[in-house]
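Presented below is the structure to which this report refers.
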2 protein chains.
Amino acid sequence: MAEQREIPYKIYLDEKDMPKAWYNVRADMKNKPAPLLNPHTFAPMTAEELEKVFCTELVKQELDDTNPYIAIPQEIQSFYKMYRPSPLVRAYCLEEKLQTPAKIYYKFEGNNTSGSHKLNSAIAQAYYAKQQGLKGVTTETGAGQWGTALAMACSYFGLECQVYMVKVSYQQKPFRREVMRTYGASVTPSPSETTAMGRKILQEFPGTTGSLGCAISEAVEVATGREGYRYVLGSVLNQVLLHQSVIGLETKAAMDQYGIKADIIIGCAGGGSNLGGLIAPFAGEMLRGEADYRIIAVEPASCPSLTRGQFAYDYCDTGKVCPLCKMYTLGSGFIPSGNHAGGLRYHGMNSVVSQLYHDGIIEATSVEQTKIFEAAQYFARVEGILPAPESSHAIRVAIDEAVKCRETGEEKTIVFGLTGTGYFDMVAYEKFNDKTMWDYVPTDEELAQGLAGLPKMDK
Amino acid sequence: MAEQREIPYKIYLDEKDMPKAWYNVRADMKNKPAPLLNPHTFAPMTAEELEKVFCTELVKQELDDTNPYIAIPQEIQSFYKMYRPSPLVRAYCLEEKLQTPAKIYYKFEGNNTSGSHKLNSAIAQAYYAKQQGLKGVTTETGAGQWGTALAMACSYFGLECQVYMVKVSYQQKPFRREVMRTYGASVTPSPSETTAMGRKILQEFPGTTGSLGCAISEAVEVATGREGYRYVLGSVLNQVLLHQSVIGLETKAAMDQYGIKADIIIGCAGGGSNLGGLIAPFAGEMLRGEADYRIIAVEPASCPSLTRGQFAYDYCDTGKVCPLCKMYTLGSGFIPSGNHAGGLRYHGMNSVVSQLYHDGIIEATSVEQTKIFEAAQYFARVEGILPAPESSHAIRVAIDEAVKCRETGEEKTIVFGLTGTGYFDMVAYEKFNDKTMWDYVPTDEELAQGLAGLPKMDK
């Protein structure tokens, strides 16, 4: 452990200390995440099957649960240097405002044009697509963070980028759409006339404003039907967690340099990519018996896959065309209330995060959205950063834990992931400012309905 | 000069090396900027007169042209540490893309919630208002960067913040408005029924969407009429340039650490606050005969105060209620075409910048807006940062100079100011993406009309 130095407001690693390899936590897991299954045969997906949809090297990474370190190609390291290392911030102002003896740190991933951590995986996926000699990639985007990140990455490598954007977001978030277009991406509102699936849905539901599930189906249809194209995805997959481990590796390196030891590590959890990336090296230490932490996943009370879902094989998409994944899930038919503003609306959870939760390595909690926005506004005013609603789930619990420390007098060290900024989420902030935001928590009956849709094999 | 080290993508100063004092370039100017004049008597404004509108300590700074260094209060230094030092970025990717032997650096001020350098002065002005025991401050905002910065600063010190926002922006930029509200500011569309000036204008022009000049008048009226209030301004004033010198001081300190010597320094120029702050320590070296640089101010061709205006006393506001300032001006009645999307629409220029330009310390050039957005898009794709249209003026000229180096083979070092991000300017980007943006350059006759409105005393 390094000599104890005075800790600056922001710790930036030197470029030479930035990670040169991603960390694959699966290698240290005794209970490996269960394999993906073919949605028709229920047999484990083969690399060959996956390569029809995904880039070859990414399939390799998806299936690799033995190699603990996977080298980050030089080109990706160079791109990382444009916007990384991200700062590990000591929240001195927040600590003072809360009058807590706790020491609070956050890893801030919002200082890039995509506004979030999504770029960490987008650039990796674009790189491998380019290496494979592809012409382009397709994807879907809801709020637009992932689409923006992918557009940036594709622009850097000169790849075509076709984004299917949920129609309601396309209309309500024109700024996000324009950022993607500025980076040269084609953005199509989904459902669209450009795919068979889109045409079918438009015929059945002429007035529909779209869904993520439908956008996925369109993006996959195009990727598999067009020469030189593959489909890429911004969360849920293990490859994405692998790339996002750069967050946790940087965090740990910065903490080690200053001799900081975490007691509690907190991340928001939707598909699991940020949480999984942040906690990877710390969970690894726990799995190897080298350290002990409290790791807390925070999810919205309106979409509580870890805290109220089932650990079971389920479809990754609502269209049931993607592989089955063993995970904590609310059922692929579950859709959180439209009232829910805070992101993290995926029905399932990455299989690594699910397994770690199942095995007691991490714990989970859920929070209602007005509580989230209270924390977001408080944090914005005290620490100066306007957080994304998603990130604010972690802020909420970090504040709650710091307040507990005030009450007990414990000087715990709390580290949380601040995944991004909320500049494109001002409609939700407006609702909060106008006090027209309210909380929705699904009833047990509603949850049972979603879970009734789980594939039969697992019952 | 420090030993030549390999230069990282981003140079961050250590916190201990951050500036502890602002640099007041006026102290090193032989030709001091001319004093502000009372708009009624044409006599130099006294501190007493100014203190009715502005905070006492800020008036002192406004009038101080002898002290080269003014200590940054500890509280402001602490706030600076939340979002500063800003990185001095080596544009390796841009250099490679341009195939230029030039070395390009940019000082990036966009990594804070206000999205620009404006926060550097907002926090200082809020601090002095708080020190004076005021209850609150008023200001106007157009696009909203300054209003956002001030809202953040006031929130930090627990000051009330009343922002008059030009009505058309209030309606078209609801996101900016919500950011300000999230920080607790009151935002009023201008013209409004809350002031005599607002009511007068609404009566005369019932359908008006407002103007910056009108918003200033309303903000000043409230500040001078309400107990415990003062008015604050985000550009043009010398106090603002003083606070913004933190940009130049950090830039110079970072360059000195790595033994980097600039040949060309480039900044965009509207009211002059960013340019003046960036170049201050470099201009100081020139004024003291210690170094020589090419310093280039870049302004929009549609609002060319330096390149096509007159160096004369003029009103600072369209309402002609504010003091007269000797500066390069297009006449206080000049309003750039509504087609102009790129910011920097002020009719005049800070008096320090004007004097330095008049004395040949800096040069100036103007660029048309489609050229600006071409550079903005190019830069976004290559360097990953989506720039504000204002900042893109500097990018345009930096690229042009780098291309010249490619042609001549010269290895010049180019430094430019990247003042902010364009996340809230996507309407302008959309016009560019849709190819519906066009250029406007005022005719000589149009300029003559504006200049005909200069106060008689100066003719």
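To be explicit about the labels: the chains of the structure tokens are called A, B, and onward in the order shown, and within each one the residues are counted from 1, while ligands get numbers from 1 in the order they are shown.
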Discussion item. Would you mind listing, as number ranges by chain, all residues of chain B that have at least one atom within 8 Å of chain A, where only C-alpha atoms are what counts?
Written reply: B: 8-10, 15, 81-83, 111-113, 152, 155-156, 175, 178-179, 181-183, 377, 380-386, 423-424, 426-427, 429-430, 433
Fill in: Distance query Ile123 in chain A at most 7 Å, only C-alpha atoms, self and fewer than 4 positions along chain excluded, as a PyMOL selection string
chain A and resi 76+119+127+153
May I have the residues from that selection written out with N, CA, C and O atoms, as a CSV table (one decimal), in the first residue's frame?
```csv
chain,number,residue,atom,x,y,z
A,76,ILE,N,-7.4,1.0,-29.4
A,76,ILE,CA,-8.4,1.3,-28.4
A,76,ILE,C,-7.8,2.1,-27.2
A,76,ILE,O,-8.3,3.0,-26.7
A,119,LEU,N,-19.3,4.7,-24.0
A,119,LEU,CA,-18.2,4.8,-25.0
A,119,LEU,C,-17.1,3.8,-24.8
A,119,LEU,O,-16.4,3.3,-25.8
A,127,TYR,N,-14.0,-1.2,-33.0
A,127,TYR,CA,-12.6,-1.7,-33.4
A,127,TYR,C,-12.6,-3.1,-34.0
A,127,TYR,O,-12.1,-3.3,-35.0
A,153,ALA,N,-17.8,6.1,-32.1
A,153,ALA,CA,-16.8,5.1,-32.3
A,153,ALA,C,-16.7,4.7,-33.7
A,153,ALA,O,-15.6,4.5,-34.3
```
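Between Asp64 in chain B and the residues B:Ser332, B:Ser354, B:Gln239, B:Thr195, the shortest atom-to-atom distance, using only C-alpha atoms, involves B:Gln239.
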Practice prompt. From a DSSP calculation on the backbone, collect every residue of range 44-254 of chain A in helix (DSSP H, G or I) and output the set as a PyMOL selection string.
Written response: chain A and resi 47-50+56-63+74-83+92-98+119-131+145-157+167-172+174-182+196-204+212-225+238-254
Worksheet item: How far is it from CA of Ser211 in chain A to CA of Asn339 in chain A, in Å with one decimal?
Response: 14.8 Å
Item to complete: Find the spatial neighbours of Thr56 in chain A, counting only C-alpha atoms, within a cut-off of 12 Å - ignore same-chain residues fewer than 6 positions away - and output them as a PyMOL selection string.
Response: chain A and resi 46-50+62-63+125+127-134+229-232+239
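Reported to one decimal place, the separation of CA of Glu374 in chain B from CA of Thr443 in chain B is 23.8 Å.
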Discussion item. To test your reading of the structure, identify every residue in range 247-434 of chain B that backbone DSSP assigns to strand (DSSP E), and report it as a PyMOL selection string.
Written reply: chain B and resi 264-268+294-300+310-315+324-329+363-367+413-418
Those same residues, written as a JSON list (two decimals), in the first residue's frame with N, CA and C atoms?
```json
[["chain", "number", "residue", "atom", "x", "y", "z"],
["B", 264, "ILE", "N", 1.47, 30.26, -31.97],
["B", 264, "ILE", "CA", 0.21, 30.92, -32.30],
["B", 264, "ILE", "C", -0.81, 30.59, -31.20],
["B", 265, "ILE", "N", -1.52, 31.59, -30.73],
["B", 265, "ILE", "CA", -2.57, 31.38, -29.73],
["B", 265, "ILE", "C", -3.87, 31.92, -30.30],
["B", 266, "ILE", "N", -4.90, 31.09, -30.27],
["B", 266, "ILE", "CA", -6.15, 31.42, -30.97],
["B", 266, "ILE", "C", -7.33, 31.33, -30.02],
["B", 267, "GLY", "N", -8.19, 32.32, -30.05],
["B", 267, "GLY", "CA", -9.41, 32.26, -29.25],
["B", 267, "GLY", "C", -10.57, 32.89, -30.00],
["B", 268, "CYS", "N", -11.77, 32.41, -29.71],
["B", 268, "CYS", "CA", -12.96, 33.04, -30.28],
["B", 268, "CYS", "C", -13.26, 34.30, -29.48],
["B", 294, "ARG", "N", 2.04, 35.07, -31.99],
["B", 294, "ARG", "CA", 0.92, 35.53, -32.82],
["B", 294, "ARG", "C", -0.35, 35.19, -32.05],
["B", 295, "ILE", "N", -1.12, 36.18, -31.70],
["B", 295, "ILE", "CA", -2.38, 35.95, -31.00],
["B", 295, "ILE", "C", -3.51, 36.34, -31.94],
["B", 296, "ILE", "N", -4.42, 35.41, -32.18],
["B", 296, "ILE", "CA", -5.49, 35.65, -33.17],
["B", 296, "ILE", "C", -6.86, 35.57, -32.51],
["B", 297, "ALA", "N", -7.61, 36.66, -32.61],
["B", 297, "ALA", "CA", -9.02, 36.67, -32.18],
["B", 297, "ALA", "C", -9.87, 36.30, -33.38],
["B", 298, "VAL", "N", -10.80, 35.36, -33.18],
["B", 298, "VAL", "CA", -11.65, 34.94, -34.30],
["B", 298, "VAL", "C", -13.10, 35.32, -33.99],
["B", 299, "GLU", "N", -13.70, 36.06, -34.90],
["B", 299, "GLU", "CA", -15.08, 36.48, -34.69],
["B", 299, "GLU", "C", -15.93, 36.06, -35.88],
["B", 300, "PRO", "N", -17.27, 36.01, -35.68],
["B", 300, "PRO", "CA", -18.14, 35.62, -36.80],
["B", 300, "PRO", "C", -18.19, 36.74, -37.85],
["B", 310, "GLN", "N", -15.56, 50.12, -35.40],
["B", 310, "GLN", "CA", -14.75, 51.32, -35.09],
["B", 310, "GLN", "C", -14.27, 51.26, -33.66],
["B", 311, "PHE", "N", -13.10, 51.83, -33.40],
["B", 311, "PHE", "CA", -12.59, 51.94, -32.03],
["B", 311, "PHE", "C", -13.09, 53.26, -31.47],
["B", 312, "ALA", "N", -14.14, 53.20, -30.68],
["B", 312, "ALA", "CA", -14.82, 54.43, -30.27],
["B", 312, "ALA", "C", -15.59, 54.18, -28.97],
["B", 313, "TYR", "N", -15.96, 55.25, -28.29],
["B", 313, "TYR", "CA", -16.87, 55.12, -27.15],
["B", 313, "TYR", "C", -18.25, 54.74, -27.65],
["B", 314, "ASP", "N", -18.85, 53.77, -26.98],
["B", 314, "ASP", "CA", -20.21, 53.37, -27.37],
["B", 314, "ASP", "C", -20.94, 52.84, -26.14],
["B", 315, "TYR", "N", -22.24, 52.77, -26.25],
["B", 315, "TYR", "CA", -23.04, 52.19, -25.19],
["B", 315, "TYR", "C", -22.82, 50.67, -25.15],
["B", 324, "LEU", "N", -20.82, 54.05, -20.97],
["B", 324, "LEU", "CA", -20.14, 54.00, -22.27],
["B", 324, "LEU", "C", -18.78, 53.35, -22.10],
["B", 325, "CYS", "N", -18.36, 52.66, -23.11],
["B", 325, "CYS", "CA", -17.08, 51.95, -23.05],
["B", 325, "CYS", "C", -16.33, 52.23, -24.35],
["B", 326, "LYS", "N", -15.03, 52.49, -24.25],
["B", 326, "LYS", "CA", -14.26, 52.66, -25.48],
["B", 326, "LYS", "C", -13.83, 51.29, -25.97],
["B", 327, "MET", "N", -14.27, 50.98, -27.14],
["B", 327, "MET", "CA", -14.06, 49.62, -27.63],
["B", 327, "MET", "C", -14.26, 49.54, -29.14],
["B", 328, "TYR", "N", -13.89, 48.41, -29.72],
["B", 328, "TYR", "CA", -14.28, 48.16, -31.10],
["B", 328, "TYR", "C", -15.75, 47.80, -31.09],
["B", 329, "THR", "N", -16.51, 48.51, -31.89],
["B", 329, "THR", "CA", -17.96, 48.34, -31.85],
["B", 329, "THR", "C", -18.58, 48.49, -33.24],
["B", 363, "GLU", "N", -4.02, 40.08, -33.30],
["B", 363, "GLU", "CA", -4.65, 40.31, -34.59],
["B", 363, "GLU", "C", -6.06, 39.70, -34.57],
["B", 364, "ALA", "N", -6.81, 39.94, -35.61],
["B", 364, "ALA", "CA", -8.18, 39.44, -35.63],
["B", 364, "ALA", "C", -8.56, 38.98, -37.03],
["B", 365, "THR", "N", -9.48, 38.01, -37.06],
["B", 365, "THR", "CA", -9.99, 37.55, -38.34],
["B", 365, "THR", "C", -11.45, 37.16, -38.14],
["B", 366, "SER", "N", -12.19, 37.09, -39.24],
["B", 366, "SER", "CA", -13.59, 36.70, -39.12],
["B", 366, "SER", "C", -13.89, 35.54, -40.06],
["B", 367, "VAL", "N", -14.84, 34.71, -39.66],
["B", 367, "VAL", "CA", -15.16, 33.50, -40.44],
["B", 367, "VAL", "C", -16.67, 33.35, -40.57],
["B", 413, "THR", "N", 3.80, 25.48, -33.06],
["B", 413, "THR", "CA", 2.95, 25.05, -31.95],
["B", 413, "THR", "C", 1.76, 25.99, -31.87],
["B", 414, "ILE", "N", 0.59, 25.38, -32.03],
["B", 414, "ILE", "CA", -0.67, 26.14, -32.06],
["B", 414, "ILE", "C", -1.47, 25.81, -30.81],
["B", 415, "VAL", "N", -1.90, 26.82, -30.10],
["B", 415, "VAL", "CA", -2.72, 26.62, -28.89],
["B", 415, "VAL", "C", -4.03, 27.36, -29.09],
["B", 416, "PHE", "N", -5.14, 26.65, -28.85],
["B", 416, "PHE", "CA", -6.39, 27.39, -28.95],
["B", 416, "PHE", "C", -7.32, 27.09, -27.77],
["B", 417, "GLY", "N", -8.26, 27.98, -27.57],
["B", 417, "GLY", "CA", -9.22, 27.82, -26.48],
["B", 417, "GLY", "C", -10.47, 27.11, -26.96],
["B", 418, "LEU", "N", -10.77, 25.98, -26.33],
["B", 418, "LEU", "CA", -12.03, 25.29, -26.63],
["B", 418, "LEU", "C", -12.96, 25.60, -25.46]]
```
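If only C-alpha atoms are the atoms counted, then among A:Pro33, A:Gly225, A:Gly331, A:Gly270 the closest residue to Thr419 in chain A is A:Gly270.
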Worksheet, complete the sentence: Using only C-alpha atoms, the residue out of A:Ala34, A:Ala223, A:Leu447, A:Met29 with shortest distance to Glu51 in chain A is A:Ala223
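Between Gly271 in chain A and the residues A:Leu344, A:Leu202, A:Val441, A:Met457, the shortest atom-to-atom distance, using only C-alpha atoms, involves A:Leu344.
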